[in-house]
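Participant: Contents of my_file-v1.cif (mmCIF, C-alpha atoms and all ligand atoms) are given next:
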data_my_file
loop_
_atom_site.label_atom_id
_atom_site.label_comp_id
_atom_site.auth_asym_id
_atom_site.auth_seq_id
_atom_site.Cartn_x
_atom_site.Cartn_y
_atom_site.Cartn_z
CA MET A 1 1.47 -0.49 33.55
CA TRP A 2 3.45 2.60 34.51
CA THR A 3 5.96 2.70 37.31
CA GLU A 4 6.22 5.85 39.44
CA ASP A 5 9.64 6.47 37.92
CA GLN A 6 8.29 6.22 34.39
CA ILE A 7 5.45 8.61 35.15
CA ARG A 8 7.99 11.15 36.36
CA ARG A 9 10.59 10.48 33.69
CA TYR A 10 8.13 10.81 30.81
CA SER A 11 5.71 13.34 32.34
CA ARG A 12 6.69 16.09 29.90
CA HIS A 13 5.85 13.75 27.04
CA ILE A 14 2.67 12.42 28.61
CA VAL A 15 1.19 15.89 29.16
CA LEU A 16 1.51 16.59 25.44
CA LYS A 17 -1.86 16.09 23.77
CA GLU A 18 -0.17 14.56 20.71
CA VAL A 19 1.85 12.07 22.77
CA GLY A 20 0.17 11.07 26.03
CA GLY A 21 0.66 7.74 27.72
CA ARG A 22 -0.26 5.98 24.48
CA GLY A 23 2.45 7.73 22.50
CA GLN A 24 4.99 7.12 25.21
CA ARG A 25 4.03 3.43 25.18
CA LYS A 26 4.56 3.42 21.41
CA LEU A 27 8.07 4.77 21.90
CA LEU A 28 8.86 2.19 24.55
CA ASP A 29 7.64 -0.52 22.17
CA SER A 30 9.58 0.75 19.16
CA SER A 31 13.06 0.15 17.82
CA VAL A 32 15.54 2.24 15.89
CA LEU A 33 18.81 1.37 14.21
CA ILE A 34 21.38 4.16 14.33
CA VAL A 35 24.15 3.82 11.79
CA GLY A 36 27.27 5.36 13.30
CA ALA A 37 27.98 6.41 16.87
CA GLY A 38 29.77 9.55 15.74
CA GLY A 39 28.85 13.20 15.33
CA LEU A 40 25.26 12.65 14.20
CA GLY A 41 24.69 9.33 15.91
CA SER A 42 25.58 10.84 19.28
CA PRO A 43 22.73 13.36 19.64
CA VAL A 44 20.35 10.94 17.94
CA ALA A 45 21.17 8.17 20.41
CA LEU A 46 21.05 10.49 23.41
CA TYR A 47 17.68 12.03 22.52
CA LEU A 48 16.05 8.78 21.43
CA GLY A 49 17.38 7.14 24.57
CA ALA A 50 16.13 9.97 26.77
CA ALA A 51 12.77 9.78 24.99
CA GLY A 52 12.45 6.13 25.92
CA VAL A 53 12.71 4.46 22.53
CA GLY A 54 12.67 0.90 23.83
CA ARG A 55 15.28 -0.72 21.63
CA ILE A 56 18.17 1.14 20.04
CA GLY A 57 20.69 -0.62 17.86
CA ILE A 58 23.97 1.11 17.15
CA VAL A 59 26.28 0.00 14.35
CA ASP A 60 29.81 1.22 14.56
CA PHE A 61 33.12 -0.51 14.05
CA ASP A 62 35.33 2.38 15.19
CA GLN A 63 37.16 3.16 18.38
CA VAL A 64 36.89 6.52 20.10
CA ASP A 65 39.68 8.83 19.00
CA LEU A 66 40.69 12.05 20.72
CA SER A 67 39.79 13.97 17.56
CA ASN A 68 36.19 12.71 17.85
CA LEU A 69 35.44 14.44 21.14
CA GLN A 70 35.06 17.90 19.60
CA ARG A 71 31.65 16.78 18.29
CA GLN A 72 30.78 13.20 19.29
CA ILE A 73 29.02 13.88 22.57
CA LEU A 74 28.27 10.24 23.39
CA HIS A 75 31.91 9.70 24.27
CA THR A 76 34.21 11.20 26.88
CA SER A 77 37.95 11.61 27.32
CA CYS A 78 38.00 8.39 29.35
CA ASP A 79 36.61 6.48 26.36
CA VAL A 80 39.51 7.16 24.00
CA GLY A 81 40.63 3.86 22.52
CA ARG A 82 37.43 2.00 23.43
CA PRO A 83 34.96 0.74 20.86
CA LYS A 84 32.38 3.47 20.24
CA VAL A 85 29.47 1.08 20.71
CA GLU A 86 30.82 0.22 24.14
CA SER A 87 30.84 3.78 25.44
CA ALA A 88 27.48 4.33 23.73
CA VAL A 89 25.91 1.40 25.56
CA GLU A 90 27.34 2.60 28.86
CA ARG A 91 26.24 6.21 28.38
CA LEU A 92 22.69 5.25 27.41
CA ALA A 93 22.38 2.77 30.27
CA MET A 94 23.22 5.59 32.67
CA LEU A 95 20.70 7.85 30.95
CA ASN A 96 17.67 5.59 30.82
CA PRO A 97 17.30 2.05 32.17
CA ASP A 98 14.12 1.57 30.08
CA VAL A 99 16.19 1.47 26.90
CA LYS A 100 17.76 -1.71 25.62
CA VAL A 101 20.83 -0.77 23.59
CA ILE A 102 22.14 -3.35 21.17
CA PRO A 103 25.74 -2.83 20.07
CA HIS A 104 26.68 -3.96 16.58
CA ALA A 105 30.45 -3.64 16.53
CA GLU A 106 30.87 -4.66 12.94
CA PRO A 107 31.29 -2.83 9.67
CA LEU A 108 27.98 -2.49 7.87
CA SER A 109 28.26 -4.39 4.60
CA SER A 110 26.20 -6.07 1.93
CA ALA A 111 26.58 -9.25 3.96
CA ASN A 112 24.88 -8.06 7.15
CA ALA A 113 22.87 -4.93 6.29
CA LEU A 114 19.52 -6.55 5.47
CA ALA A 115 19.59 -8.88 8.45
CA LEU A 116 20.44 -5.97 10.73
CA LEU A 117 17.73 -3.69 9.38
CA SER A 118 15.10 -6.39 9.69
CA GLN A 119 15.35 -6.16 13.49
CA TYR A 120 14.29 -2.49 13.62
CA ASP A 121 11.31 -0.28 12.77
CA LEU A 122 13.29 2.64 11.46
CA VAL A 123 16.83 3.62 10.44
CA VAL A 124 18.70 6.81 11.25
CA ASN A 125 21.76 7.39 9.13
CA GLY A 126 24.67 9.02 10.88
CA SER A 127 27.39 7.66 8.63
CA ASP A 128 30.17 9.88 7.40
CA ASN A 129 31.15 8.17 4.18
CA PHE A 130 29.64 7.47 0.79
CA PRO A 131 29.88 3.67 0.72
CA THR A 132 27.84 3.41 3.92
CA ARG A 133 25.41 6.13 2.85
CA TYR A 134 24.61 4.25 -0.36
CA LEU A 135 24.54 0.90 1.38
CA VAL A 136 22.10 2.15 4.03
CA ASN A 137 19.93 3.80 1.39
CA ASP A 138 19.73 0.70 -0.79
CA ALA A 139 19.15 -1.59 2.19
CA CYS A 140 16.26 0.63 3.36
CA VAL A 141 14.72 0.54 -0.11
CA PHE A 142 15.04 -3.26 -0.29
CA SER A 143 13.58 -3.77 3.18
CA ASN A 144 10.93 -1.03 3.07
CA LYS A 145 12.27 0.78 6.12
CA PRO A 146 11.82 4.50 6.71
CA LEU A 147 15.18 6.27 6.66
CA VAL A 148 16.04 9.51 8.44
CA ASP A 149 19.06 10.79 6.58
CA GLY A 150 21.49 13.50 7.55
CA SER A 151 24.95 14.79 6.74
CA ILE A 152 27.30 17.52 7.81
CA LEU A 153 30.29 19.19 6.25
CA ARG A 154 32.17 22.29 7.42
CA PHE A 155 29.35 24.66 8.47
CA GLU A 156 26.56 23.04 6.52
CA GLY A 157 24.28 20.12 6.88
CA HIS A 158 21.22 18.50 5.48
CA VAL A 159 18.43 16.37 6.81
CA THR A 160 15.65 14.54 5.02
CA VAL A 161 13.35 11.55 5.41
CA PHE A 162 12.87 8.79 2.87
CA LEU A 163 9.66 6.81 3.27
CA PRO A 164 9.23 3.47 1.48
CA GLY A 165 8.01 3.95 -2.06
CA ARG A 166 8.45 7.70 -1.94
CA GLY A 167 11.97 8.22 -3.19
CA CYS A 168 15.47 7.64 -1.92
CA TYR A 169 18.95 9.09 -1.80
CA ARG A 170 19.75 7.75 -5.27
CA CYS A 171 16.79 9.67 -6.70
CA LEU A 172 18.88 12.75 -5.87
CA PHE A 173 22.37 11.36 -6.37
CA PRO A 174 22.20 8.19 -8.47
CA ALA A 175 25.78 7.07 -7.76
CA PRO A 176 28.64 7.91 -5.41
CA PRO A 177 30.99 10.62 -6.64
CA PRO A 178 34.25 9.37 -8.10
CA PRO A 179 37.04 8.97 -5.54
CA GLY A 180 39.04 12.13 -5.02
CA LEU A 181 36.30 14.50 -6.12
CA MET A 182 34.70 14.98 -2.73
CA PRO A 183 36.70 16.32 0.17
CA ASN A 184 36.85 13.76 2.92
CA CYS A 185 35.63 14.52 6.40
CA GLN A 186 39.00 14.76 8.12
CA GLU A 187 40.35 17.19 5.55
CA ALA A 188 37.21 19.27 5.28
CA GLY A 189 36.49 19.68 8.95
CA VAL A 190 33.22 20.45 10.62
CA LEU A 191 32.12 22.84 13.33
CA GLY A 192 31.20 20.34 16.03
CA VAL A 193 27.94 21.92 17.07
CA LEU A 194 26.53 21.36 13.56
CA CYS A 195 26.28 17.70 14.52
CA GLY A 196 23.93 18.70 17.32
CA VAL A 197 21.79 20.79 14.98
CA ILE A 198 21.42 18.13 12.29
CA GLY A 199 21.41 15.13 14.66
CA SER A 200 18.70 16.69 16.80
CA LEU A 201 16.56 17.27 13.72
CA GLN A 202 17.07 13.62 12.79
CA GLY A 203 15.97 12.68 16.30
CA LEU A 204 12.90 14.88 15.93
CA GLU A 205 11.96 13.22 12.64
CA ALA A 206 12.53 9.74 14.07
CA LEU A 207 10.27 10.45 17.05
CA LYS A 208 7.56 11.96 14.81
CA LEU A 209 7.60 8.86 12.62
CA LEU A 210 7.46 6.50 15.60
CA LEU A 211 4.62 8.49 17.18
CA GLY A 212 2.81 9.03 13.88
CA ILE A 213 2.41 12.74 14.49
CA GLY A 214 3.06 15.87 12.45
CA GLU A 215 4.35 16.02 8.90
CA PRO A 216 7.48 13.98 8.24
CA LEU A 217 10.28 15.70 6.37
CA ALA A 218 9.61 13.44 3.39
CA GLY A 219 9.67 14.84 -0.12
CA ARG A 220 11.70 17.73 1.24
CA LEU A 221 15.37 18.16 1.96
CA LEU A 222 16.29 20.69 4.59
CA TRP A 223 19.60 22.34 3.89
CA ILE A 224 21.12 24.41 6.66
CA ASP A 225 24.00 26.85 6.38
CA GLY A 226 25.28 27.37 9.90
CA LEU A 227 27.21 30.53 9.09
CA SER A 228 24.27 32.53 7.77
CA LEU A 229 21.74 30.28 9.46
CA GLU A 230 19.96 30.24 6.18
CA ILE A 231 17.65 27.26 5.97
CA ARG A 232 16.29 26.06 2.66
CA SER A 233 13.65 23.44 2.09
CA LEU A 234 14.19 21.81 -1.29
CA LYS A 235 11.50 19.69 -2.89
CA VAL A 236 12.60 16.17 -3.64
CA ARG A 237 10.58 13.51 -5.35
CA ARG A 238 10.87 9.91 -6.36
CA ASP A 239 12.66 9.62 -9.69
CA PRO A 240 11.04 6.95 -11.89
CA SER A 241 14.47 6.38 -13.45
CA CYS A 242 16.20 5.98 -10.06
CA PRO A 243 18.66 3.06 -10.25
CA VAL A 244 17.32 1.49 -7.06
CA CYS A 245 13.74 2.64 -6.36
CA GLY A 246 12.77 3.55 -9.95
CA ASP A 247 10.44 1.70 -12.29
CA ARG A 248 13.23 -0.34 -13.87
CA PRO A 249 15.91 -0.61 -11.20
CA THR A 250 19.43 -1.52 -12.24
CA VAL A 251 20.72 -1.86 -8.68
CA THR A 252 19.01 -4.99 -7.39
CA GLU A 253 21.43 -6.07 -4.72
CA LEU A 254 23.56 -4.35 -2.13
CA ILE A 255 26.90 -2.97 -3.28
CA ASP A 256 30.04 -2.58 -1.19
CA TYR A 257 31.59 0.53 -2.68
CA GLU A 258 35.21 1.04 -1.93
CA ASN A 259 35.73 3.36 1.00
CA PHE A 260 37.61 6.21 -0.57
CA CYS A 261 36.99 8.69 2.19
CA GLY A 262 40.50 9.91 2.90
CA LEU A 263 42.13 6.93 1.28
CA PRO A 264 43.66 6.78 -2.15
CA PRO A 265 42.14 4.08 -4.33
CA GLU A 266 43.83 0.78 -3.69
CA ALA A 267 46.35 -0.21 -6.28
CA PRO A 268 45.32 -3.41 -8.01
CA LEU A 269 47.44 -6.38 -7.05
CA SER A 270 49.50 -7.62 -9.92
CA MET B 1 -18.68 6.72 38.91
CA ASP B 2 -16.61 4.25 36.90
CA GLU B 3 -13.15 4.84 38.29
CA GLU B 4 -11.69 6.57 41.30
CA LEU B 5 -8.20 7.98 41.67
CA ASP B 6 -6.82 8.95 45.06
CA LEU B 7 -3.99 11.42 44.55
CA HIS B 8 -3.23 12.32 48.15
CA GLY B 9 0.38 13.40 48.45
CA GLU B 10 0.69 14.05 44.74
CA ILE B 11 1.43 17.47 43.26
CA CYS B 12 1.35 19.17 39.85
CA PRO B 13 2.02 18.16 37.17
CA TYR B 14 1.74 14.55 38.34
CA THR B 15 -1.85 14.96 39.51
CA PHE B 16 -2.73 15.78 35.92
CA VAL B 17 -0.37 13.18 34.44
CA LYS B 18 -1.92 10.42 36.53
CA SER B 19 -5.48 11.60 35.79
CA LYS B 20 -4.66 11.61 32.10
CA LEU B 21 -3.16 8.12 32.21
CA ALA B 22 -6.22 6.83 34.09
CA LEU B 23 -8.59 8.34 31.50
CA GLU B 24 -6.61 6.77 28.65
CA GLU B 25 -7.51 3.35 30.05
CA MET B 26 -11.23 4.17 30.23
CA ALA B 27 -13.99 4.09 27.64
CA THR B 28 -15.60 7.18 26.12
CA GLY B 29 -18.30 8.59 28.35
CA GLN B 30 -17.09 6.86 31.51
CA ILE B 31 -16.76 8.94 34.65
CA LEU B 32 -13.59 9.36 36.70
CA ARG B 33 -13.44 10.84 40.18
CA VAL B 34 -10.08 12.30 41.17
CA VAL B 35 -9.27 13.36 44.72
CA VAL B 36 -6.42 15.80 45.30
CA ASP B 37 -5.13 17.37 48.50
CA ASN B 38 -3.90 20.78 47.37
CA PRO B 39 -5.67 23.83 45.93
CA SER B 40 -3.32 24.32 42.99
CA SER B 41 -4.04 20.79 41.73
CA ALA B 42 -7.76 21.39 42.29
CA GLU B 43 -7.41 24.35 39.97
CA ASN B 44 -4.92 23.04 37.41
CA VAL B 45 -6.13 19.48 36.88
CA PRO B 46 -9.66 20.43 35.72
CA ARG B 47 -8.23 23.09 33.41
CA SER B 48 -5.74 20.68 31.83
CA LEU B 49 -8.36 17.94 31.48
CA ARG B 50 -10.72 20.36 29.73
CA ASN B 51 -7.86 21.35 27.50
CA GLU B 52 -7.54 17.68 26.50
CA GLY B 53 -11.20 17.70 25.51
CA HIS B 54 -12.67 15.95 28.53
CA GLU B 55 -15.79 17.24 30.19
CA VAL B 56 -15.30 18.35 33.79
CA LEU B 57 -18.64 17.72 35.48
CA GLY B 58 -17.70 19.30 38.78
CA VAL B 59 -15.02 20.29 41.27
CA SER B 60 -15.88 20.44 44.95
CA GLN B 61 -14.01 20.85 48.19
CA ILE B 62 -14.98 17.86 50.29
CA ALA B 63 -12.74 18.44 53.32
CA GLN B 64 -10.25 20.93 54.72
CA ARG B 65 -7.57 19.79 52.29
CA GLU B 66 -9.44 17.57 49.92
CA TRP B 67 -11.02 18.31 46.55
CA ALA B 68 -12.96 15.99 44.26
CA ILE B 69 -12.89 16.44 40.51
CA ILE B 70 -15.51 14.62 38.45
CA VAL B 71 -14.61 14.20 34.77
CA LYS B 72 -16.27 12.48 31.84
CA LYS B 73 -13.94 10.89 29.31
CA ALA B 74 -13.99 12.36 25.78
CA PRO B 75 -13.71 10.23 22.62
CA ASP B 76 -10.12 9.17 21.83
CA ARG B 77 -8.12 11.37 19.52
CA ARG B 78 -7.30 10.12 16.02
ZN ZN A 301 15.33 6.34 -5.52
#
Mind converting the file's structure to structure tokens?
Facilitator:
Amino acid sequence: MWTEDQIRRYSRHIVLKEVGGRGQRKLLDSSVLIVGAGGLGSPVALYLGAAGVGRIGIVDFDQVDLSNLQRQILHTSCDVGRPKVESAVERLAMLNPDVKVIPHAEPLSSANALALLSQYDLVVNGSDNFPTRYLVNDACVFSNKPLVDGSILRFEGHVTVFLPGRGCYRCLFPAPPPPGLMPNCQEAGVLGVLCGVIGSLQGLEALKLLLGIGEPLAGRLLWIDGLSLEIRSLKVRRDPSCPVCGDRPTVTELIDYENFCGLPPEAPLS
Amino acid sequence: MDEELDLHGEICPYTFVKSKLALEEMATGQILRVVVDNPSSAENVPRSLRNEGHEVLGVSQIAQREWAIIVKKAPDRR
């Protein structure tokens, strides 16, 4: 049953009519895969960990860089040079011993995505590049996993939820933009706190889905402009001609797009 | 009386939290008796339990610093 520590730790959840001990138990019994331990993944991991989501997987292949610390609040100055999943595991262990954190220190690819997703109830996307965004989207469609999507750029961000059978990222943007067209993250910059705004909303949506309460942000895309703090809710719907979740899909297996974020396209070997 | 909860030494909000957790494990219509040892819990716990939809059948001071709250479990939500 409940330990005295758990009763105290989760008391502010348990007193909520919509959560209670039952809801808290659901959280402890649930699992979430967070893609990326960066700007968005940090607040997501911290809030889901604090909330007592029982099993949290974190995929990230990167090491902590000094330039990350302006927004990636999972990591500290002492972590520079360490694998991000390592500092994430350590930070979450200090936060909540009820949470089992599973580090996946490997690049997400067509080879491992489906197997990884199959171990979790829900996916939160905190990736910062198009290849991963499309890979995560397609893998969620193929494995019928709910996806809480988010992105940030400069002073803006978006958050939305894709539920199985009810549309996906490709319904909105069928294919990645051609290399060179989109500014990459390092060049474009981002006001760090935006990660907290968008990541926290992703955490909120993840907890709502796990608890089965409220109205998920599905069929809607929330777009937030941090400078004016104008928030728009755009209607999104499943596109029957979507290349992956449409009626006659053309994308039927996972694709490893070339990572062109910040890198010129590779010259073909001759 | 179906269940009894002795909350001596416990304060708000944990008196309510523990009462709520105990009720979650019980069947609709069953009766829980909660004993608390401070007046603010004797006041707050019945109010919070009512707010959750349970029926508070009575609150009585049974000793100098002891109050008994009798509550009937409401049907589960959802
Ligand atoms: Zn789609």
Participant: Using only C-alpha atoms, which of the listed residues (A:Leu163, A:Val244, A:Met1, A:Ala115) sits closest to chain B?
Facilitator: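 Ranking A:Leu163, A:Val244, A:Met1, A:Ala115 by distance to chain B, first place goes to A:Met1.
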Participant: Throw together the list of residues within 12 Å of ligand ZN 301 (chain A), counting all atoms listed in the file, and drop it here as a PyMOL selection string.
Facilitator: chain A and resi 134+137-142+162-175+219+236-251
Participant: Could you give me, as a list in words, the residues that have an atom at most 8 Å away from the point (-5.3, 13.2, 52.4) in the coordinates of the file, using all atoms listed in the file?
Facilitator: His8, Gly9, Val36, Asp37, Arg65 and Glu66 of chain B
Participant: For the atom pair CA of Ser228 in chain A and CA of Ala45 in chain A, what is the interatomic distance in Å to one decimal place?
Facilitator: 27.6 Å
Participant: Using all atoms listed in the file, find the residues of chain A whose closest atom to chain B is at most 9 Å away, then write them as a VMD selection string.
Facilitator: chain A and resid 2 7 to 8 11 to 12 14 to 15 17 to 18 20 to 22
Participant: Can you tell me which residues surround range 230-232 of chain A at a distance of at most 12 Å, considering all atoms listed in the file, apart from same-chain residues fewer than 4 positions away, and format the answer as a list of chain:residue names?
Facilitator: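 Once the nearby chain positions are removed, what remains is A:Phe155, A:Glu156, A:Gly157, A:His158, A:Val159, A:Thr160, A:Val197, A:Ile198, A:Arg220, A:Leu221, A:Leu222, A:Trp223, A:Ile224, A:Asp225, A:Gly226.
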Participant: What does the file look like for those residues with C-alpha atoms, as a PDB file, in the coordinates of the input?
Facilitator:
ATOM      1  CA  PHE A 155      29.350  24.660   8.470  1.00  0.00           C
ATOM      2  CA  GLU A 156      26.560  23.040   6.520  1.00  0.00           C
ATOM      3  CA  GLY A 157      24.280  20.120   6.880  1.00  0.00           C
ATOM      4  CA  HIS A 158      21.220  18.500   5.480  1.00  0.00           C
ATOM      5  CA  VAL A 159      18.430  16.370   6.810  1.00  0.00           C
ATOM      6  CA  THR A 160      15.650  14.540   5.020  1.00  0.00           C
ATOM      7  CA  VAL A 197      21.790  20.790  14.980  1.00  0.00           C
ATOM      8  CA  ILE A 198      21.420  18.130  12.290  1.00  0.00           C
ATOM      9  CA  ARG A 220      11.700  17.730   1.240  1.00  0.00           C
ATOM     10  CA  LEU A 221      15.370  18.160   1.960  1.00  0.00           C
ATOM     11  CA  LEU A 222      16.290  20.690   4.590  1.00  0.00           C
ATOM     12  CA  TRP A 223      19.600  22.340   3.890  1.00  0.00           C
ATOM     13  CA  ILE A 224      21.120  24.410   6.660  1.00  0.00           C
ATOM     14  CA  ASP A 225      24.000  26.850   6.380  1.00  0.00           C
ATOM     15  CA  GLY A 226      25.280  27.370   9.900  1.00  0.00           C
TER      16      GLY A 226
END
Participant: Edge lengths and centre in Å to one decimal, as lines of an AutoDock Vina configuration file, of the axis-aligned box that encloses all listed atoms of range 105-109 of chain A with 5 Å added on every side?
Facilitator:
center_x = 29.6
center_y = -3.6
center_z = 10.6
size_x = 13.3
size_y = 12.2
size_z = 21.9
Participant: Quick one: residues within 10 Å of Val19 in chain A, all atoms listed in the file, excluding same-chain residues fewer than 6 positions away - as a ChimeraX atom specification?
Facilitator: /A:12-13,25-27,208,211-213
Participant: With C-alpha atoms retained, export the selected residues as a short mmCIF file (atom, residue, chain, number, x, y, z; two decimals), in the frame of the given file.
Facilitator:
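Generated file (out18.cif):
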data_model
loop_
_atom_site.label_atom_id
_atom_site.label_comp_id
_atom_site.auth_asym_id
_atom_site.auth_seq_id
_atom_site.Cartn_x
_atom_site.Cartn_y
_atom_site.Cartn_z
CA ARG A 12 6.69 16.09 29.90
CA HIS A 13 5.85 13.75 27.04
CA ARG A 25 4.03 3.43 25.18
CA LYS A 26 4.56 3.42 21.41
CA LEU A 27 8.07 4.77 21.90
CA LYS A 208 7.56 11.96 14.81
CA LEU A 211 4.62 8.49 17.18
CA GLY A 212 2.81 9.03 13.88
CA ILE A 213 2.41 12.74 14.49
#
Participant: One decimal, Å: what's the distance from CA of Arg133 in chain A over to CA of Ala113 in chain A, could you say?
Facilitator: 11.9 Å
Participant: Which residues come within 8 Å of Ile70 in chain B, counting all atoms listed in the file, excluding same-chain residues fewer than 6 positions away, as a PDB file with C-alpha atoms, keeping the file's coordinate frame?
Facilitator:
ATOM      1  CA  ILE B  31     -16.760   8.940  34.650  1.00  0.00           C
ATOM      2  CA  LEU B  32     -13.590   9.360  36.700  1.00  0.00           C
ATOM      3  CA  ARG B  33     -13.440  10.840  40.180  1.00  0.00           C
ATOM      4  CA  VAL B  34     -10.080  12.300  41.170  1.00  0.00           C
ATOM      5  CA  VAL B  56     -15.300  18.350  33.790  1.00  0.00           C
ATOM      6  CA  LEU B  57     -18.640  17.720  35.480  1.00  0.00           C
ATOM      7  CA  GLY B  58     -17.700  19.300  38.780  1.00  0.00           C
ATOM      8  CA  VAL B  59     -15.020  20.290  41.270  1.00  0.00           C
TER       9      VAL B  59
END
Participant: Could you work out how far CA of Pro83 in chain A lies from CA of Leu207 in chain A, giving the answer in Å with one decimal?
Facilitator: 26.8 Å
Participant: Which of these residues is nearest to Leu117 in chain A, using all atoms listed in the file: A:Leu33, A:Val44, A:Val85, A:Val161?
Facilitator: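 Checking each candidate against Leu117 in chain A, we get A:Leu33 as the closest.
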Participant: Counting all atoms listed in the file, I want the residues whose atoms come within 12 Å of (-13.4, 19.4, 53.5) in the file frame, returned as a list in words.
Facilitator: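 Residues close enough to count: Val35, Val36, Asp37, Asn38, Pro39, Ser60, Gln61, Ile62, Ala63, Gln64, Arg65, Glu66, Trp67 and Ala68 of chain B.
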Participant: From the set A:Asn68, A:Gly214, A:Pro176, A:Arg154, which residue has the shortest atom-to-atom contact distance to Ala188 in chain A, counting all atoms listed in the file?
Facilitator: A:Arg154
Participant: Hey, what's within 6 Å of Gly192 in chain A if we count only C-alpha atoms and toss same-chain stuff fewer than 3 positions away? As number ranges by chain, please?
Facilitator: A: 70-71, 195
Participant: If you count only C-alpha atoms, which residues fall within 10 Å of Glu55 in chain B, apart from same-chain ones fewer than 5 positions away, as a JSON list (two decimals) with C-alpha atoms, in the frame of the given file?
Facilitator:
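In the end it all went to part-v9.json:
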[["chain", "number", "residue", "atom", "x", "y", "z"],
["B", 29, "GLY", "CA", -18.30, 8.59, 28.35],
["B", 31, "ILE", "CA", -16.76, 8.94, 34.65],
["B", 46, "PRO", "CA", -9.66, 20.43, 35.72],
["B", 49, "LEU", "CA", -8.36, 17.94, 31.48],
["B", 50, "ARG", "CA", -10.72, 20.36, 29.73],
["B", 70, "ILE", "CA", -15.51, 14.62, 38.45],
["B", 71, "VAL", "CA", -14.61, 14.20, 34.77],
["B", 72, "LYS", "CA", -16.27, 12.48, 31.84],
["B", 73, "LYS", "CA", -13.94, 10.89, 29.31],
["B", 74, "ALA", "CA", -13.99, 12.36, 25.78]]
Participant: Rank B:Ile69, B:Pro75, B:Cys12, B:Asp2 by their smallest atom-to-atom distance to Gln30 in chain B, using all atoms listed in the file, and report the top residue only.
Facilitator: B:Asp2
Participant: Given only C-alpha atoms as the basis, pick out the residue of A:Leu46, A:Leu254, A:Val124, A:Ala206 nearest to Ala111 in chain A.
Facilitator: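 Among the listed residues, A:Leu254 lies closest to Ala111 in chain A.
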Participant: All heavy atoms for range 124-128 of chain A, written as a PDB file, keeping the file's coordinate frame, could you do that?
Facilitator:
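Below is the file out15.pdb, written as the result:
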ATOM      1  N   VAL A 124      18.171   5.447  11.269  1.00  0.00           N
ATOM      2  CA  VAL A 124      18.700   6.810  11.250  1.00  0.00           C
ATOM      3  C   VAL A 124      20.137   6.726  10.764  1.00  0.00           C
ATOM      4  O   VAL A 124      20.950   5.983  11.329  1.00  0.00           O
ATOM      5  CB  VAL A 124      18.654   7.480  12.633  1.00  0.00           C
ATOM      6  CG1 VAL A 124      19.235   8.887  12.561  1.00  0.00           C
ATOM      7  CG2 VAL A 124      17.228   7.533  13.177  1.00  0.00           C
ATOM      8  N   ASN A 125      20.427   7.465   9.712  1.00  0.00           N
ATOM      9  CA  ASN A 125      21.760   7.390   9.130  1.00  0.00           C
ATOM     10  C   ASN A 125      22.660   8.484   9.684  1.00  0.00           C
ATOM     11  O   ASN A 125      22.413   9.663   9.478  1.00  0.00           O
ATOM     12  CB  ASN A 125      21.660   7.509   7.610  1.00  0.00           C
ATOM     13  CG  ASN A 125      22.980   7.205   6.936  1.00  0.00           C
ATOM     14  OD1 ASN A 125      23.931   6.786   7.591  1.00  0.00           O
ATOM     15  ND2 ASN A 125      23.052   7.429   5.639  1.00  0.00           N
ATOM     16  N   GLY A 126      23.692   8.063  10.375  1.00  0.00           N
ATOM     17  CA  GLY A 126      24.670   9.020  10.880  1.00  0.00           C
ATOM     18  C   GLY A 126      26.043   8.678  10.358  1.00  0.00           C
ATOM     19  O   GLY A 126      27.045   8.952  11.014  1.00  0.00           O
ATOM     20  N   SER A 127      26.091   8.085   9.172  1.00  0.00           N
ATOM     21  CA  SER A 127      27.390   7.660   8.630  1.00  0.00           C
ATOM     22  C   SER A 127      28.074   8.840   7.967  1.00  0.00           C
ATOM     23  O   SER A 127      27.443   9.794   7.541  1.00  0.00           O
ATOM     24  CB  SER A 127      27.213   6.521   7.636  1.00  0.00           C
ATOM     25  OG  SER A 127      26.586   6.988   6.472  1.00  0.00           O
ATOM     26  N   ASP A 128      29.394   8.752   7.883  1.00  0.00           N
ATOM     27  CA  ASP A 128      30.170   9.880   7.400  1.00  0.00           C
ATOM     28  C   ASP A 128      30.835   9.593   6.062  1.00  0.00           C
ATOM     29  O   ASP A 128      31.690  10.324   5.629  1.00  0.00           O
ATOM     30  CB  ASP A 128      31.228  10.263   8.441  1.00  0.00           C
ATOM     31  CG  ASP A 128      32.206   9.114   8.690  1.00  0.00           C
ATOM     32  OD1 ASP A 128      31.969   8.009   8.162  1.00  0.00           O
ATOM     33  OD2 ASP A 128      33.203   9.329   9.397  1.00  0.00           O
TER      34      ASP A 128
END
